[in-house]
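Each remark here refers to the structure printed beneath this line.
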Amino acid sequence: MRTLVVLPTYQEAENVAEVLRRLHAAVPDADVLVVDDASPDGTAEVAKAVGQELGQVDVLVRAGKAGLGSAYRNGFAEGMARGYEVLVEMDSDLSHDPAALPSLLAALQDGADLAIGSRYIPGGSIPRWSVGRRFLSRWGNRYAAWALHLGVHDATSGFRAYRASALAGIDLDRVRADGYGFQIEMAHLVSRDGGKVVERPIEFIDRERGTSKMSSRIIFEALALDTWWGLRDRLVKLRRR
Ligand SMILES: Nc1nc2c(ncn2[C@@H]2O[C@H](COP(=O)(O)OP(=O)(O)OP(=O)(O)O)[C@@H](O)[C@H]2O)c(=O)[nH]1
Ligand SMILES: [Mg+2]
């Protein structure tokens, strides 16, 4: 299946070269689209230079920092227009090991529409997270699964592969959420449309270099949106009765 890995970057000059090299080694047939938001640290230049050397790497530079969800919406639209059959989401801070990507792609070959790299199924792990962060992520996920009737243990994971045909039914311009909320919203939309969502275990490595762009705003956005979508779904069902 023709595969495009969409790699959003903001201030990842220290990580992007290694991510691209490891991706190339793990999935030599896949193409890569780096979506960089004009990172002041020169991430795009590093990506272009390594891309020249490896091949199959395009770099889309946007005007300024517009958020993770927006970068994926852009990258997916571009990939669909170019006719890719599979679109992959992955962080570019080495938290997601490219070596795990073949197992996600194999799940799509086996018929899944969305394969999520999961920390919360047997075999999955987050070795270096603090108790506080673990708690927030685990319970945030439990809440999202409950509010949205999602049969998924790790709906906030940003390491995943989509079948393009499953994305085609989703109006990406109407997907509004940005961080964790974006991941939850996309899983919700694929499964609501009858898509088959599966999870495969991953080990999530905490970033070693560069700085986090995660904020409390992103966490509250996700919790508020889960609640709103859950209530909306229930209202729609009630009205249909
Ligand atoms: N293009 C683009 N990429 C972004 C933006 N915000 C974050 N990213 C990228 O999205 C990925 C995830 O962001 P992180 O800052 O690592 O967020 P996180 O993984 O939840 O937090 P950490 O635990 O600190 O790594 C990274 O590859 C970032 O470079 C943005 O506004 N635009
Ligand atoms: Mg990260």
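Every chain in the structure tokens has a letter given in the order shown (A, B, ...), and although residue numbers restart at 1 in each chain, ligands are simply numbered from 1 in the order shown.
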Test item: residues at most 6 Å from region 71-85 of chain A, only C-alpha atoms, excluding those fewer than 2 positions along its chain, as a VMD selection string: chain A and resid 1 to 3 6 68 to 69 164
Which residues are near ligand 1 in this structure, taking near to mean any atom at most 7 Å from a ligand atom and counting only C-alpha atoms and all ligand atoms? Format them as an MDAnalysis selection string. chainID A and resid 7:12 35:37 65:68 71 91:93 95 206:207 211:214
Given the selection you just returned, output its residues as a file containing N, CA and C atoms, formatted as an mmCIF file, in the first residue's frame.
data_model
loop_
_atom_site.group_PDB
_atom_site.id
_atom_site.type_symbol
_atom_site.label_atom_id
_atom_site.label_comp_id
_atom_site.auth_asym_id
_atom_site.auth_seq_id
_atom_site.Cartn_x
_atom_site.Cartn_y
_atom_site.Cartn_z
ATOM 1 N N LEU A 7 4.950 13.918 9.322
ATOM 2 C CA LEU A 7 5.756 14.217 10.525
ATOM 3 C C LEU A 7 5.633 15.698 10.871
ATOM 4 N N PRO A 8 4.835 16.051 11.872
ATOM 5 C CA PRO A 8 4.748 17.461 12.240
ATOM 6 C C PRO A 8 5.973 17.839 13.081
ATOM 7 N N THR A 9 6.550 18.991 12.784
ATOM 8 C CA THR A 9 7.714 19.407 13.579
ATOM 9 C C THR A 9 7.581 20.857 14.007
ATOM 10 N N TYR A 10 7.930 21.100 15.248
ATOM 11 C CA TYR A 10 8.133 22.460 15.721
ATOM 12 C C TYR A 10 9.313 22.428 16.681
ATOM 13 N N GLN A 11 10.383 23.083 16.315
ATOM 14 C CA GLN A 11 11.601 23.124 17.125
ATOM 15 C C GLN A 11 12.148 21.715 17.400
ATOM 16 N N GLU A 12 12.341 20.932 16.335
ATOM 17 C CA GLU A 12 12.865 19.575 16.481
ATOM 18 C C GLU A 12 14.190 19.402 15.737
ATOM 19 N N VAL A 35 5.876 18.410 8.116
ATOM 20 C CA VAL A 35 5.089 19.650 8.142
ATOM 21 C C VAL A 35 5.653 20.521 9.256
ATOM 22 N N ASP A 36 6.447 21.510 8.857
ATOM 23 C CA ASP A 36 7.130 22.340 9.851
ATOM 24 C C ASP A 36 6.509 23.725 9.892
ATOM 25 N N ASP A 37 6.313 24.235 11.109
ATOM 26 C CA ASP A 37 5.681 25.550 11.261
ATOM 27 C C ASP A 37 6.722 26.657 11.410
ATOM 28 N N LYS A 65 3.536 28.835 13.874
ATOM 29 C CA LYS A 65 3.029 27.751 14.710
ATOM 30 C C LYS A 65 1.507 27.760 14.758
ATOM 31 N N ALA A 66 0.895 26.713 14.208
ATOM 32 C CA ALA A 66 -0.570 26.667 14.126
ATOM 33 C C ALA A 66 -1.146 25.436 14.804
ATOM 34 N N GLY A 67 -0.297 24.640 15.490
ATOM 35 C CA GLY A 67 -0.812 23.495 16.243
ATOM 36 C C GLY A 67 -0.666 22.169 15.514
ATOM 37 N N LEU A 68 -0.627 21.106 16.319
ATOM 38 C CA LEU A 68 -0.427 19.750 15.816
ATOM 39 C C LEU A 68 -1.590 19.283 14.936
ATOM 40 N N ALA A 71 -1.478 20.849 11.591
ATOM 41 C CA ALA A 71 -0.397 20.286 10.761
ATOM 42 C C ALA A 71 -0.844 18.961 10.148
ATOM 43 N N ASP A 91 5.021 11.384 16.062
ATOM 44 C CA ASP A 91 5.758 12.525 16.608
ATOM 45 C C ASP A 91 7.180 12.498 16.074
ATOM 46 N N SER A 92 7.801 13.675 16.027
ATOM 47 C CA SER A 92 9.173 13.729 15.512
ATOM 48 C C SER A 92 10.175 14.007 16.627
ATOM 49 N N ASP A 93 9.845 13.611 17.862
ATOM 50 C CA ASP A 93 10.769 13.830 18.985
ATOM 51 C C ASP A 93 11.356 12.511 19.500
ATOM 52 N N SER A 95 9.793 9.961 20.461
ATOM 53 C CA SER A 95 8.927 9.268 21.417
ATOM 54 C C SER A 95 8.333 8.017 20.779
ATOM 55 N N ASP A 206 9.914 8.803 26.440
ATOM 56 C CA ASP A 206 9.824 10.217 26.747
ATOM 57 C C ASP A 206 10.906 10.976 25.990
ATOM 58 N N ARG A 207 10.571 12.189 25.532
ATOM 59 C CA ARG A 207 11.561 12.929 24.749
ATOM 60 C C ARG A 207 12.822 13.207 25.567
ATOM 61 N N THR A 211 12.211 20.737 23.507
ATOM 62 C CA THR A 211 11.234 21.068 24.544
ATOM 63 C C THR A 211 9.823 20.674 24.131
ATOM 64 N N SER A 212 9.025 20.389 25.140
ATOM 65 C CA SER A 212 7.647 19.982 24.943
ATOM 66 C C SER A 212 6.789 21.174 24.527
ATOM 67 N N LYS A 213 5.801 20.910 23.662
ATOM 68 C CA LYS A 213 4.861 21.967 23.274
ATOM 69 C C LYS A 213 3.506 21.703 23.922
ATOM 70 N N MET A 214 3.458 20.710 24.804
ATOM 71 C CA MET A 214 2.209 20.346 25.450
ATOM 72 C C MET A 214 1.895 21.389 26.526
#
Please provide as a PyMOL selection string all residues within 12 Å of Gly169 (chain A), with the sequence filter that same-chain residues fewer than 3 positions apart are discarded (counting only C-alpha atoms). chain A and resi 80+113+163-166+172-174+186+189-195
With only C-alpha atoms as the basis for distance, which of A:Ile218, A:Ile184, A:Leu136, A:Val61 is at the shortest distance from Pro40 (chain A)?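 Checking each of A:Ile218, A:Ile184, A:Leu136, A:Val61 against Pro40 (chain A), counting only C-alpha atoms, the winner is A:Val61.
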Please report the interatomic distance between CA of Gly51 (chain A) and CA of Val86 (chain A) in Å with one decimal.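 The value is 20.3 Å.
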Which of A:Ala44, A:Leu238, A:Val88, A:Leu94 sits closest to Arg160 (chain A) [using only C-alpha atoms]: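 Checking each candidate against Arg160 (chain A), we get A:Val88 as the closest.
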Using only C-alpha atoms, the best pick from A:Asp29, A:Gly42, A:Tyr180, A:His24 as closest to Leu54 (chain A) would be A:His24
Could you pull out the residues in region 64-241 of chain A that DSSP calls helix (DSSP H, G or I) from the backbone, as a ChimeraX atom specification? /A:68-81,98-109,131-148,164-168,172-174,180-192,216-240
Could you give me, as an NGL selection string, the residues within 10 Å of His188 (chain A), counting only C-alpha atoms and dropping anything in the same chain fewer than 3 positions from it? :A and (144-145 or 148-152 or 155 or 182-185 or 191-193 or 195 or 197 or 226 or 229-230)
Counting only C-alpha atoms, the option among A:Ala168, A:Val198, A:Val131, A:Ala47 closest to Ala115 (chain A):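 With only C-alpha atoms as the atom set, the closest residue is A:Val198.
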One decimal, Å: what's the distance from CA of Arg62 (chain A) over to CA of Leu33 (chain A), could you say?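 Going from CA of Arg62 (chain A) over to CA of Leu33 (chain A) covers 12.5 Å.
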Within 7 Å of Ser157 (chain A) using only C-alpha atoms, minus same-chain residues under 3 positions, as a list in words: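 Residues near the query, excluding close chain neighbours: Ile116, Gly117, Ser118, Asp154 and Gln183 of chain A.
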Now that the selection is made, can you save its residues with all heavy atoms as a PDB file, in the first residue's frame?
ATOM      1  N   ILE A 116      -3.894   1.976  15.957  1.00  0.00           N
ATOM      2  CA  ILE A 116      -3.334   2.904  16.950  1.00  0.00           C
ATOM      3  C   ILE A 116      -2.211   2.217  17.724  1.00  0.00           C
ATOM      4  O   ILE A 116      -2.382   1.099  18.212  1.00  0.00           O
ATOM      5  CB  ILE A 116      -4.429   3.358  17.943  1.00  0.00           C
ATOM      6  CG1 ILE A 116      -5.572   4.068  17.192  1.00  0.00           C
ATOM      7  CG2 ILE A 116      -3.843   4.255  19.031  1.00  0.00           C
ATOM      8  CD1 ILE A 116      -6.715   4.548  18.083  1.00  0.00           C
ATOM      9  N   GLY A 117      -1.081   2.881  17.831  1.00  0.00           N
ATOM     10  CA  GLY A 117       0.017   2.402  18.676  1.00  0.00           C
ATOM     11  C   GLY A 117      -0.353   2.682  20.117  1.00  0.00           C
ATOM     12  O   GLY A 117      -0.447   3.833  20.528  1.00  0.00           O
ATOM     13  N   SER A 118      -0.596   1.625  20.882  1.00  0.00           N
ATOM     14  CA  SER A 118      -1.198   1.793  22.208  1.00  0.00           C
ATOM     15  C   SER A 118      -0.229   1.508  23.353  1.00  0.00           C
ATOM     16  O   SER A 118       0.488   0.511  23.344  1.00  0.00           O
ATOM     17  CB  SER A 118      -2.412   0.858  22.327  1.00  0.00           C
ATOM     18  OG  SER A 118      -2.972   0.939  23.618  1.00  0.00           O
ATOM     19  N   ASP A 154      -6.217   3.571  24.229  1.00  0.00           N
ATOM     20  CA  ASP A 154      -5.279   4.693  24.124  1.00  0.00           C
ATOM     21  C   ASP A 154      -5.678   5.611  22.967  1.00  0.00           C
ATOM     22  O   ASP A 154      -4.995   5.690  21.953  1.00  0.00           O
ATOM     23  CB  ASP A 154      -3.853   4.166  23.930  1.00  0.00           C
ATOM     24  CG  ASP A 154      -2.808   5.242  24.183  1.00  0.00           C
ATOM     25  OD1 ASP A 154      -3.198   6.415  24.379  1.00  0.00           O
ATOM     26  OD2 ASP A 154      -1.613   4.910  24.185  1.00  0.00           O
ATOM     27  N   GLN A 183      -6.503  13.696  18.445  1.00  0.00           N
ATOM     28  CA  GLN A 183      -6.379  12.234  18.340  1.00  0.00           C
ATOM     29  C   GLN A 183      -7.703  11.566  18.712  1.00  0.00           C
ATOM     30  O   GLN A 183      -8.154  10.642  18.032  1.00  0.00           O
ATOM     31  CB  GLN A 183      -5.257  11.713  19.255  1.00  0.00           C
ATOM     32  CG  GLN A 183      -3.931  12.465  19.148  1.00  0.00           C
ATOM     33  CD  GLN A 183      -3.320  12.426  17.762  1.00  0.00           C
ATOM     34  OE1 GLN A 183      -3.886  11.852  16.826  1.00  0.00           O
ATOM     35  NE2 GLN A 183      -2.179  13.067  17.609  1.00  0.00           N
TER      36      GLN A 183
END
Strand (DSSP E or B) call set, DSSP backbone run, region 120-215 of chain A, as a list in words: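 The strand (DSSP E or B) residues within region 120-215 of chain A come out as Ser125, Arg160, Ala161, Tyr162, Arg163, Val197, Val198, Glu199, Arg200, Pro201 and Glu203 of chain A.
Of the residues under consideration (A:Ala17, A:Pro102, A:Gly179, A:Val5), A:Gly179 shows the shortest atom-to-atom contact distance to Ser215 (chain A) when counting only C-alpha atoms.
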Find the residue from A:Leu231, A:Val57, A:Ile205, A:Val32 that sits nearest to ligand 2; use only C-alpha atoms and all ligand atoms when measuring. A:Ile205
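One distance worth recording is that between CA of Ala25 (chain A) and CA of Ala99 (chain A), which is 8.2 Å.
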